[in-house]
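Engineer: Encoded as structure tokens, here's the structure I'll be asking about.
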Amino acid sequence: MRGRIAAVCAAAGRDEASVTLTAVSKTQPAEALEAALAAGQRVFGENRVQEGQAHWAGRRERTPGLELRLIGPLQTNKAADALALFDVIETLDRVRLADALAAAAAKSGRTPRVLVQVNTGAEPQKAGVLPGEADALVARARDRGLIVEGLMCIPPAEEAAGPHFALLRRIARRNGLEALSMGMSGDYETAIRFGATHVRIGTALFGERNRPDRPSSG
């Protein structure tokens, strides 16, 4: 996978080091996680706080350089738990969650790094702030003291991904944001061409998932 990412970066005139591979480890068994770690993978994405705790509670202490990213929807009442486990929360999508994360940070002393999730397709069933409201949410998160590193999106499955990635890039640029988490197993090459800094790969790394899950990452 890293070789393929390097090739796409080269074709796009980009340094392969500018793209981080986030391995989507949700639903994966212990042996798959251990194999990925043994291969040198250190950035992982989880969809749910509880499953992330089960996967990484014992592995974190013995894995130098590990970075955990929450890439699934987060309930406000799980903000403190998420902040305790994850290095980056990619799914900030509403003011109430920004406020909950800020409150959790004030209690723990740990300021979260976040990405704002943008619902570029305005799909009613999907999480994410609407594109026209993204600037205000970025401003609110910054005002609350959160470290806003960038944006994340999941394009509609039935539409070409490119225009959605381009939209996310435009929103990021006007807000002075560098990180773009966009692109999954089926469209990461397109995402890299549109400037992705993080691609979330599950199926292409681990194979088909063990059970159906939310369409948020791989």
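Residue names in the structure tokens use chain letters A, B, ... in the order shown, residue numbers from 1 in each chain, and ligand numbers from 1 in the order shown.
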From region 112-195 of chain A, collect each residue whose DSSP state is strand (DSSP E) and return the set as a VMD selection string.
Structural biologist: chain A and resid 113 to 117 147 to 152 179 to 181
Engineer: Find the spatial neighbours of Lys126 (chain A), counting only C-alpha atoms, within a cut-off of 12 Å - ignore same-chain residues fewer than 6 positions away - and output them as an MDAnalysis selection string.
Structural biologist: chainID A and resid 72:73 91 93 117:120 153:157 214:216
Engineer: Write the residues you've just listed into a file as a compact mmCIF listing (two decimals), in the first residue's frame, and include all heavy atoms for each of them.
Structural biologist:
# COMPACT_ATOMS: atom_id res chain seq x y z
N GLY A 72 -14.93 8.01 13.47
CA GLY A 72 -16.36 7.76 13.46
C GLY A 72 -17.09 8.80 14.29
O GLY A 72 -16.47 9.58 15.02
N PRO A 73 -18.41 8.84 14.19
CA PRO A 73 -19.21 9.83 14.94
C PRO A 73 -18.97 9.75 16.43
O PRO A 73 -18.79 8.66 16.99
CB PRO A 73 -20.65 9.45 14.58
CG PRO A 73 -20.55 8.70 13.29
CD PRO A 73 -19.24 7.96 13.35
N THR A 91 -13.77 13.96 13.69
CA THR A 91 -15.20 14.04 13.40
C THR A 91 -15.93 15.11 14.21
O THR A 91 -17.06 14.91 14.64
CB THR A 91 -15.85 12.67 13.62
OG1 THR A 91 -15.46 12.16 14.91
CG2 THR A 91 -15.42 11.69 12.54
N ASP A 93 -18.26 17.86 14.33
CA ASP A 93 -19.26 18.21 13.33
C ASP A 93 -20.38 19.12 13.83
O ASP A 93 -21.32 19.41 13.10
CB ASP A 93 -19.89 16.94 12.74
CG ASP A 93 -20.61 16.09 13.79
OD1 ASP A 93 -20.54 16.43 14.99
OD2 ASP A 93 -21.25 15.10 13.38
N GLN A 117 -15.39 17.68 10.44
CA GLN A 117 -15.97 16.83 9.40
C GLN A 117 -17.01 17.63 8.64
O GLN A 117 -17.96 18.17 9.22
CB GLN A 117 -16.60 15.58 9.99
CG GLN A 117 -17.19 14.66 8.91
CD GLN A 117 -17.75 13.37 9.48
OE1 GLN A 117 -17.64 13.11 10.68
NE2 GLN A 117 -18.35 12.56 8.62
N VAL A 118 -16.86 17.67 7.31
CA VAL A 118 -17.76 18.42 6.46
C VAL A 118 -18.60 17.45 5.62
O VAL A 118 -18.05 16.57 4.95
CB VAL A 118 -16.99 19.38 5.53
CG1 VAL A 118 -17.96 20.20 4.67
CG2 VAL A 118 -16.09 20.31 6.35
N ASN A 119 -19.88 17.61 5.66
CA ASN A 119 -20.80 16.79 4.87
C ASN A 119 -20.92 17.43 3.50
O ASN A 119 -21.88 18.15 3.20
CB ASN A 119 -22.16 16.71 5.58
CG ASN A 119 -23.13 15.77 4.91
OD1 ASN A 119 -22.90 15.29 3.80
ND2 ASN A 119 -24.24 15.51 5.58
N THR A 120 -19.94 17.16 2.65
CA THR A 120 -19.84 17.85 1.36
C THR A 120 -21.02 17.56 0.45
O THR A 120 -21.34 18.37 -0.42
CB THR A 120 -18.53 17.47 0.65
OG1 THR A 120 -18.47 16.04 0.50
CG2 THR A 120 -17.32 17.96 1.44
N CYS A 153 -13.75 14.57 5.16
CA CYS A 153 -15.04 14.35 4.48
C CYS A 153 -15.13 12.92 3.99
O CYS A 153 -14.14 12.20 3.87
CB CYS A 153 -15.24 15.32 3.32
SG CYS A 153 -14.32 14.92 1.81
N ILE A 154 -16.37 12.52 3.73
CA ILE A 154 -16.70 11.22 3.12
C ILE A 154 -17.66 11.52 1.97
O ILE A 154 -18.84 11.78 2.22
CB ILE A 154 -17.36 10.26 4.11
CG1 ILE A 154 -16.51 10.13 5.38
CG2 ILE A 154 -17.59 8.90 3.47
CD1 ILE A 154 -17.26 9.49 6.54
N PRO A 155 -17.21 11.54 0.73
CA PRO A 155 -18.10 11.88 -0.39
C PRO A 155 -19.24 10.88 -0.54
O PRO A 155 -19.12 9.73 -0.12
CB PRO A 155 -17.17 11.83 -1.61
CG PRO A 155 -15.79 11.98 -1.06
CD PRO A 155 -15.83 11.31 0.29
N PRO A 156 -20.35 11.30 -1.13
CA PRO A 156 -21.44 10.36 -1.41
C PRO A 156 -20.95 9.21 -2.28
O PRO A 156 -20.19 9.43 -3.25
CB PRO A 156 -22.46 11.22 -2.17
CG PRO A 156 -22.16 12.62 -1.74
CD PRO A 156 -20.68 12.68 -1.55
N ALA A 157 -21.34 8.01 -1.95
CA ALA A 157 -20.85 6.83 -2.64
C ALA A 157 -21.21 6.82 -4.12
O ALA A 157 -20.48 6.26 -4.95
CB ALA A 157 -21.38 5.57 -1.96
N ARG A 214 -20.55 1.27 9.66
CA ARG A 214 -20.87 2.57 9.11
C ARG A 214 -19.86 2.94 8.04
O ARG A 214 -18.69 2.60 8.12
CB ARG A 214 -20.84 3.62 10.23
CG ARG A 214 -21.90 3.39 11.29
CD ARG A 214 -21.81 4.43 12.38
NE ARG A 214 -22.77 4.18 13.42
CZ ARG A 214 -22.88 4.93 14.50
NH1 ARG A 214 -22.09 5.96 14.68
NH2 ARG A 214 -23.79 4.64 15.42
N PRO A 215 -20.30 3.69 7.00
CA PRO A 215 -19.42 3.97 5.88
C PRO A 215 -18.49 5.15 6.14
O PRO A 215 -18.49 6.13 5.42
CB PRO A 215 -20.43 4.32 4.78
CG PRO A 215 -21.56 4.97 5.51
CD PRO A 215 -21.64 4.25 6.83
N SER A 216 -17.67 5.05 7.19
CA SER A 216 -16.93 6.23 7.54
C SER A 216 -15.45 6.19 7.29
O SER A 216 -14.79 7.16 7.53
CB SER A 216 -17.17 6.59 9.01
OG SER A 216 -16.67 5.60 9.82
Engineer: Residues within 7 Å of Leu137 (chain A), please, as an MDAnalysis selection string. Count only C-alpha atoms; anything in the same chain fewer than 3 positions from it doesn't count.
Structural biologist: chainID A and resid 94:95 133:134 140:141
Engineer: Once DSSP has gone over the backbone, tell me which residues of region 54-203 of chain A are in alpha helix (DSSP H), as a PyMOL selection string.
Structural biologist: chain A and resi 54-56+79-85+95-108+134-143+162-174+188-193+203
Engineer: At most 8 Å is the cut-off: for each residue in region 85-196 of chain A with any atom that close to an atom of region 4-27 of chain A, write down the nearest atom pair and the distance in Å rounded to one decimal, counting only C-alpha atoms, chain first then increasing number, as a tab-separated table.
Structural biologist:
residue	atom	partner	partner_atom	distance
A:Glu189	CA	A:Val8	CA	6.3
A:Ile192	CA	A:Cys9	CA	6.8
A:Arg193	CA	A:Ala12	CA	5.7
A:Ala196	CA	A:Val19	CA	6.7
